[in-house]
Amino acid sequence: MFAYATGITSDFPINADPRCTHIRPKPSLKKRLLCLAGIFGLLGTSITQPDTAGTYFKTELPIAKDGLLANIGPNGAKSSGAKSGIVIASPNTNDPDYLYTWVRDSSLVFKFIVDQYTSGRDSSLRSQIDNFTAAEATLQQLTNPSGTVFTGGLGEPKFKIDETAFTDSWGRPQRDGPALRSTALISYANWLLKTGNHTYVVDTLWPIIKLDLDYVATWWNQTTYDLWEEIRSSSFFTTAVQHRALREGATLAAQLGQNTSIDTYNTQATNVLCFLQSYWNPTGGYITANTGGGRSGKDSNTVLASIHTWDINAGCDATTFQPCSDKALSNLKVYVDSFRSIYPINQGIPPSSAVAVGRYPEDEYTGKQPNTVGNPWYLSTFSVAEQLYDALLTWESTGFIEVTEISLAFFRQLWPNTHTGKYYQLGWEYWQIRRAVKIFADGFIEIAAKYTPSDGSLSEQFDRQTGAPTSARDLTWSYASVLTAGDSFAGVRPVTWGAKGLVVPSTCTPNPGPKVPVTFDVRKLTNFGENVYIAGSVDALKLWSPVDAPRLSPEHYPIWTITLELPASTYIEYKYLLKLDGHVIWEPGPNRKISTPTNGSITLHDEWL
């Protein structure tokens, strides 16, 4: 056996095992080791381990792809009359009503579709991509509660499926959508340029991409609602995908000779990368998902960010939180472990095995009224497996696994003999660790498989008590998540986006974005000792905090007044409040609303009766 492994002989010593005959007559050292590892169960699962994950993917992936395409208008079987190129989140119309199109969800779906098409795996998808391009161009120009295309409207998260604005109250803005949309279209543009279709890229794609990238470059440092539409602060997922979009955008701009954009995108990408580091919690060993919100910060947000910014050429770079980086793996352990004791369906599962996971441990959203306690999500569970498959592929590419003090707890949970250092493919320990990680990754697919109904349909959630599918049915994002996890399981490697070798500057430069002075005048009669304050949906209005709300001046009583520097071109909601001796009285009625101008100043004359 030693002679075979080292190349002294090319004859495999165990009765010419058929698993190694394909590498004769002169197998390379790497192929010899891979063969031996496979024979002894170190590559992936062992010889006796059933390939439940592989079986599930073989059955589920065609169903998931059909389910995904069924939710795209106009001809999708469940698209419910959606316009051409519009992706519905789900055909569910009640408890919850998801018959809308979200920019984020649609862009993630079409990034998968673009990758399928441009890699040659499905040549039938070209018309779908062109329809999506046209639909998104329409939505970009649509005036909505967040503003116009030039006054913040690109931060609008969702629209009606007939390409009209959704005008009810919602978590606005959500700044990940423009970044994700531009990433999907940049992937398409890069392929078209390689195939010689320069005109379509310049005339059709670049105007859409540039609008999104300019929005990202201008507003990345402003607060946003997170991808779950619940917390307004800064959010790791949003920052990570914004960084990727700006890097790719600068490269595309250079190819197209758009020189005025290159420096802007590169400069802001470096600033975003610097800010990205601030989410790391060294004490807890995890990525804090949001800078606000009052939760632990352990969140699927961070895992999704890692897989959607994977660049295998960057190796296990921790600067961009690549899937196999020490920080991303430590974060994964902390995130997964936070669900081990809160879901009854996870009871009795050992700490080295996979469990069902949800959005974040404090979740109360069920999709049904009244909300009580949250459930596991299919897309969250798939995303953990996908990060681990991405890590396995990266280690295969680099030829070694590096364990640091940061990632040691993750590895020891799976293989207790792990120590810090590098484990190379020539060593026995590399294959032991790799096998343990592969089994762990497959375990999350096995969890999802256990709670996938027999028809293969995927809802948003599965019940924490019984595992039964619940909340929105046929969730497009759930289908997309199993499809991208399946790609990683199968060894599909993404096109690089430029994450390799990036250096974080020693000093971070924020980008507050353009500001305009806004004067608030409100007529309000008050009792002795009462003061008028203002709070609202942006940082300058203290994000609705009555404790920190700015006080208006009574100099021209009964007119109370204050002038604040607010973000330009931004949709803002606000209210006045009274405070006296710690007691707070908010003005009644709906929130007041304003869209700030691009430049100049504005004075608002309000009255609180």
# chains A, B, ... in the order shown; residues from 1 in each chain; ligands from 1
>>> select_by_dssp(residues="segment 435-537 of chain A", states="helix (DSSP H, G or I)", output="JSON, numbers by chain")
{"A": [435, 436, 437, 438, 439, 440, 441, 442, 443, 444, 445, 446, 447, 448, 449, 450, 476, 477, 478, 479, 480, 481, 482, 483, 484, 485, 486, 487, 488, 489]}
>>> residues_around(residues="segment 594-599 of chain A", least_positions_apart="5", cutoff="10 Å", atoms="only C-alpha atoms", output="PyMOL selection string")
chain A and resi 145-148+150-153+514-518+566-574+604
>>> write_last_selection(atoms="N, CA and C atoms", output="compact mmCIF listing (two decimals), in the first residue's frame")
# COMPACT_ATOMS: atom_id res chain seq x y z
N PRO A 145 -42.89 54.60 -2.50
CA PRO A 145 -42.79 55.32 -1.23
C PRO A 145 -41.37 55.68 -0.81
N SER A 146 -40.37 54.99 -1.34
CA SER A 146 -38.98 55.33 -1.03
C SER A 146 -38.45 56.47 -1.88
N GLY A 147 -39.18 56.84 -2.93
CA GLY A 147 -38.76 57.94 -3.78
C GLY A 147 -38.78 57.59 -5.25
N THR A 148 -38.09 58.40 -6.04
CA THR A 148 -37.93 58.13 -7.47
C THR A 148 -36.59 57.45 -7.68
N PHE A 150 -33.98 58.61 -8.69
CA PHE A 150 -32.87 59.47 -8.27
C PHE A 150 -33.03 60.03 -6.86
N THR A 151 -34.12 59.67 -6.19
CA THR A 151 -34.33 60.20 -4.83
C THR A 151 -34.60 59.08 -3.83
N GLY A 152 -33.88 57.98 -3.96
CA GLY A 152 -33.98 56.91 -2.98
C GLY A 152 -34.86 55.76 -3.35
N GLY A 153 -35.54 55.81 -4.48
CA GLY A 153 -36.48 54.76 -4.85
C GLY A 153 -35.86 53.40 -5.07
N PRO A 514 -24.78 62.37 0.77
CA PRO A 514 -25.20 63.77 0.71
C PRO A 514 -26.27 64.09 1.75
N LYS A 515 -26.20 65.29 2.30
CA LYS A 515 -27.15 65.74 3.30
C LYS A 515 -27.83 67.02 2.83
N VAL A 516 -29.03 67.24 3.34
CA VAL A 516 -29.72 68.50 3.09
C VAL A 516 -30.30 69.00 4.41
N PRO A 517 -30.31 70.33 4.63
CA PRO A 517 -30.93 70.86 5.86
C PRO A 517 -32.45 70.83 5.76
N VAL A 518 -33.07 70.28 6.76
CA VAL A 518 -34.54 70.22 6.83
C VAL A 518 -34.97 70.91 8.12
N LEU A 566 -30.35 66.00 7.18
CA LEU A 566 -30.91 64.68 6.88
C LEU A 566 -30.36 64.17 5.55
N PRO A 567 -30.37 62.85 5.37
CA PRO A 567 -29.91 62.30 4.09
C PRO A 567 -30.72 62.85 2.92
N ALA A 568 -30.05 63.26 1.87
CA ALA A 568 -30.74 63.73 0.67
C ALA A 568 -31.41 62.57 -0.05
N SER A 569 -32.40 62.89 -0.84
CA SER A 569 -33.06 61.90 -1.71
C SER A 569 -33.52 60.68 -0.93
N THR A 570 -34.14 60.91 0.21
CA THR A 570 -34.49 59.79 1.08
C THR A 570 -35.93 59.93 1.58
N TYR A 571 -36.63 58.82 1.57
CA TYR A 571 -37.98 58.74 2.14
C TYR A 571 -37.84 58.60 3.66
N ILE A 572 -38.51 59.47 4.41
CA ILE A 572 -38.37 59.50 5.86
C ILE A 572 -39.76 59.57 6.50
N GLU A 573 -39.95 58.83 7.56
CA GLU A 573 -41.15 58.93 8.38
C GLU A 573 -40.75 59.50 9.74
N TYR A 574 -41.66 60.30 10.33
CA TYR A 574 -41.33 60.93 11.61
C TYR A 574 -42.60 61.25 12.38
N LEU A 604 -40.64 72.40 6.73
CA LEU A 604 -41.95 71.76 6.90
C LEU A 604 -42.75 72.52 7.95
>>> atom_distance(atom1="atom CA of Ala89 of chain A", atom2="atom CA of Thr133 of chain A")
17.5 Å
>>> residues_around(residues="segment 435-447 of chain A", least_positions_apart="2", cutoff="10 Å", atoms="only C-alpha atoms", output="MDAnalysis selection string")
chainID A and resid 37:38 41:46 49 51:57 345:346 352:357 378 380:389 391:392 410:411 413:415 429:433 449:452 467 482 485:486 489
>>> select_by_dssp(residues="segment 232-299 of chain A", states="strand (DSSP E)", output="PyMOL selection string")
chain A and resi 232-233+280-281+286-287
